[in-house]
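Following: one structure in structure tokens, then a few remarks.
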Number of protein chains: 2
Amino acid sequence: MPAPNIPAMAAHHHHEHAGASLAQAAEAALVEAGEQWTDMRSDIFAVLATFEKPASAYDIADLVSQKRGKRVAPNSVYRILDLFVTTNLARRVESANAYIANSHPGCLHDCIFLICDSCGTATHIDDDALTMSVRAAAEQAGFAQVRPVIEVRGKCADCD
Amino acid sequence: MPAPNIPAMAAHHHHEHAGASLAQAAEAALVEAGEQWTDMRSDIFAVLATFEKPASAYDIADLVSQKRGKRVAPNSVYRILDLFVTTNLARRVESANAYIANSHPGCLHDCIFLICDSCGTATHIDDDALTMSVRAAAEQAGFAQVRPVIEVRGKCADCD
DNA sequence: TTTAACGATGTAATGTTGTAACGTGCATCG
DNA sequence: CGATGCACGTTACAACATTACATCGTTAAA
């Protein structure tokens with residue numbers, strides 16, 4: 001069994017940003033990556049960050065459209081979400097075809113997402129020992145440039 | 001450090017079925033589950049089993065349509081794929097929106113899928129220690145009825 | 001200062017994946 | 001024989017995602 005005696009979240013501390021602080025951190029991370037923090041990107045990030053469930057590109061497109069009083073096409077949203085994912089400002093939740101803001105951008109590591117089948121809310125666990133074990137197993141099997149997708153569907157404590 | 005001293009695939013042996021043997025095992029498992037092994041289900045499973053990449057419902061619909069000389073709607077394919085997934089004859093690969101035959105139906109446990117971003121082929125690892133750790137972490141966080149989705153995207157040994 | 005290049009966003013169309021609602025045929029069983 | 005249940009068909013649509021190309025503004029070179 002992995003991480004046999006070491007506590008799961010050992011040796012890893014985050015600032016769990018929220019609200020304005022999170023937006024600031026996101027901006028910093030994006031600029032750090034050599035990308036621009038435009039109004040559109042800011043709006044999309046802001047909307048994304050208000051969700052506690054993973055948000056689809058279309059959800060975001062609708063809300064940003066409202067906010068701006070002008071239609072923003074899903075297309076544009078996808079472009080920016082892709083950018084966010086590659087720069088680690090957001091994550092794609094594969095089992096939900098949706099996206100979620102990274103609550104600690106700038107901090108690069110794998111996440112484990114827990115998504116409730118009832119209420120749809122997603123939380124995440126950081127357990128580097130576990131995610132590293134998955135990476136290692138894949139590399140062992142001859143895979144390179146690995147990108148783990150670790151999600152758990154189930155019933156959350158509230159819905160259970 | 002993954003699975004520190006215990007070999008990864010400890011205490012777990014499979015028959016890795018293929019071809020006719022696999023179809024037989026699938027039929028047996030489905031009947032065991034109290035479901036019928038119909039012509040349509042047989043055809044869909046057969047087609048699914050020929051793929052080494054995860055197959056989309058539409059891929060399968062096309063091939064089964066050819067095979068039967070009559071259009072089979074994606075709809076019908078989805079119904080049967082869902083059945084296969086719930087009875088463990090097949091798995092859904094979330095990060096590919098596609099399905100793959102379970103090479104050892106009847107044997108119930110979590111899989112780790114490795115999907116190559118270049119050639120699309122998927123292989124799987126069975127590492128119960130690892131998957132159990134993921135389950136445990138989710139349960140620790142208050143989740144019940146957990147269904148882990150553990151996939152790794154990357155470059156396979158051939159494409160690397 | 002024009003103009004070329006580039007990056008960001010807009011627009012339109014289309015492709016892919018997934019579901020819902022309802023109908024039909026067929027077997028089983030009272 | 002009629003009722004029930006299950007598998008499958010048919011149609012329509014909803015949700016998710018991509019492609020190709022146009023426009024606009026800023027920066028850099030001529």
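Identifiers for the structure tokens are assigned positionally: chains receive A, B, ... in sequence, residues are indexed from 1 per chain, and ligands are indexed from 1 in the order shown.
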When the cut-off is 12 Å and we count only C-alpha atoms (C1' of nucleotides), which residues of chain D are near chain B, given as a short mmCIF file (atom, residue, chain, number, x, y, z; two decimals) with C-alpha atoms (C1' of nucleotides), in the first residue's frame?
```
data_model
loop_
_atom_site.label_atom_id
_atom_site.label_comp_id
_atom_site.auth_asym_id
_atom_site.auth_seq_id
_atom_site.Cartn_x
_atom_site.Cartn_y
_atom_site.Cartn_z
"C1'" DC D 6 -38.05 -6.42 -21.95
"C1'" DA D 7 -35.24 -5.44 -26.05
"C1'" DC D 8 -34.83 -2.66 -29.66
"C1'" DG D 9 -36.24 1.01 -33.27
"C1'" DT D 10 -37.10 5.92 -34.57
"C1'" DT D 11 -36.99 10.66 -34.16
"C1'" DA D 12 -35.72 14.62 -32.30
"C1'" DC D 16 -20.04 19.51 -25.74
#
```
At a cut-off of 9 Å, list the chain C residues touching chain B, using only C-alpha atoms (C1' of nucleotides), as a tab-separated table (two decimals) with C-alpha atoms (C1' of nucleotides), in the first residue's frame.
```
chain	number	residue	atom	x	y	z
C	16	DT	C1'	-19.13	14.88	-32.02
C	17	DT	C1'	-21.18	12.98	-27.97
C	18	DG	C1'	-25.23	11.98	-25.23
C	19	DT	C1'	-30.41	11.77	-23.88
```
8 Å contacts from chain B to chain A using only C-alpha atoms, as an MDAnalysis selection string: chainID B and resid 1:4 6 94:95 114 116 129:130 133:135 138 141:157 160
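Residues in contact with region 3-6 of chain C at up to 9 Å, not including ones fewer than 2 positions away on its chain and judged by only C-alpha atoms (C1' of nucleotides), are DT1 of chain C; DT26, DT27, DA28, DA29 and DA30 of chain D.
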Looking only at the backbone, which of the residues in chain B does DSSP tag as strand (DSSP E), as a list in words? Ala90, Arg91, Arg92, Val93, Ala98, Tyr99, Ile100, Ala101, Ile112, Phe113, Leu114, Ile115, Cys116, Ala122, Thr123, His124, Ile125, Ala144, Gln145, Val146, Arg147, Pro148, Val149, Ile150, Glu151, Val152, Arg153, Gly154 and Lys155 of chain B
Please write the residues from the selection above to a file, keeping C-alpha atoms, as a CSV table (one decimal), in the first residue's frame.
```
chain,number,residue,atom,x,y,z
B,90,ALA,CA,-16.8,-2.9,-20.5
B,91,ARG,CA,-15.4,0.3,-19.1
B,92,ARG,CA,-15.9,3.9,-20.0
B,93,VAL,CA,-12.8,5.9,-20.5
B,98,ALA,CA,-15.2,6.2,-25.3
B,99,TYR,CA,-15.5,2.6,-24.2
B,100,ILE,CA,-13.2,-0.4,-24.0
B,101,ALA,CA,-14.0,-4.1,-23.5
B,112,ILE,CA,-6.0,2.2,-14.1
B,113,PHE,CA,-6.0,3.1,-17.8
B,114,LEU,CA,-3.1,4.4,-19.7
B,115,ILE,CA,-4.1,6.2,-22.9
B,116,CYS,CA,-1.5,7.4,-25.5
B,122,ALA,CA,-5.1,2.2,-24.2
B,123,THR,CA,-3.7,-0.3,-21.9
B,124,HIS,CA,-4.5,-1.0,-18.3
B,125,ILE,CA,-2.7,-1.6,-15.1
B,144,ALA,CA,-19.7,7.0,-0.2
B,145,GLN,CA,-20.5,4.6,-3.0
B,146,VAL,CA,-17.2,5.7,-4.6
B,147,ARG,CA,-16.3,4.9,-8.2
B,148,PRO,CA,-12.7,5.9,-8.9
B,149,VAL,CA,-11.8,7.2,-12.3
B,150,ILE,CA,-8.1,6.7,-12.7
B,151,GLU,CA,-6.6,7.3,-16.1
B,152,VAL,CA,-3.2,8.5,-17.2
B,153,ARG,CA,-2.7,10.4,-20.5
B,154,GLY,CA,0.8,10.4,-22.0
B,155,LYS,CA,3.0,9.0,-24.7
```
Find the residues around Asn88 (chain B) up to 9 Å (only C-alpha atoms (C1' of nucleotides) counted), leave out those fewer than 3 positions away in its own chain, and share them as a ChimeraX atom specification. /B:26,29-30,83-85,91,101-102,104-108
Would you return as a PyMOL selection string the members of chain A that DSSP assigns to helix (DSSP H, G or I) on this structure's backbone? chain A and resi 19-32+39-50+57-68+74-86+94-96+128-140
Separating C1' of DT14 (chain C) from CA of Asp62 (chain B), to the nearest tenth of an Å, is a gap of 19.8 Å
May I have the residues within 8 Å of region 47-51 of chain B as a PyMOL selection string, using only C-alpha atoms (C1' of nucleotides) and disregarding those fewer than 2 positions away in the same chain? chain B and resi 19+43-45+53-55+60+63-64+99-101
Since we have the selection now, will you write its residues out, keeping C-alpha atoms, as a PDB file, in the first residue's frame?
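Final output, again.pdb:
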```pdb
ATOM      1  CA  GLY B  19     -11.254 -13.317 -29.119  1.00  0.00           C
ATOM      2  CA  ASP B  43     -22.539  -8.002 -32.042  1.00  0.00           C
ATOM      3  CA  ILE B  44     -21.807  -4.872 -30.079  1.00  0.00           C
ATOM      4  CA  PHE B  45     -19.499  -6.667 -27.740  1.00  0.00           C
ATOM      5  CA  LYS B  53      -8.218   1.964 -28.802  1.00  0.00           C
ATOM      6  CA  PRO B  54     -11.193   3.087 -26.795  1.00  0.00           C
ATOM      7  CA  ALA B  55     -14.165   3.133 -29.174  1.00  0.00           C
ATOM      8  CA  ILE B  60     -19.424   1.064 -32.745  1.00  0.00           C
ATOM      9  CA  LEU B  63     -19.404  -0.907 -37.565  1.00  0.00           C
ATOM     10  CA  VAL B  64     -22.363  -2.777 -36.201  1.00  0.00           C
ATOM     11  CA  TYR B  99     -15.462   2.597 -24.225  1.00  0.00           C
ATOM     12  CA  ILE B 100     -13.221  -0.393 -24.008  1.00  0.00           C
ATOM     13  CA  ALA B 101     -13.965  -4.060 -23.464  1.00  0.00           C
TER      14      ALA B 101
END
```
Straight-line distance linking CA of Val77 (chain B) with CA of His17 (chain B), stated in Å to one decimal: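 According to the coordinates, CA of Val77 (chain B) and CA of His17 (chain B) are separated by 22.9 Å.
Taking CA of Trp37 (chain A) and C1' of DA12 (chain C) as endpoints, the distance between them is 26.9 Å.
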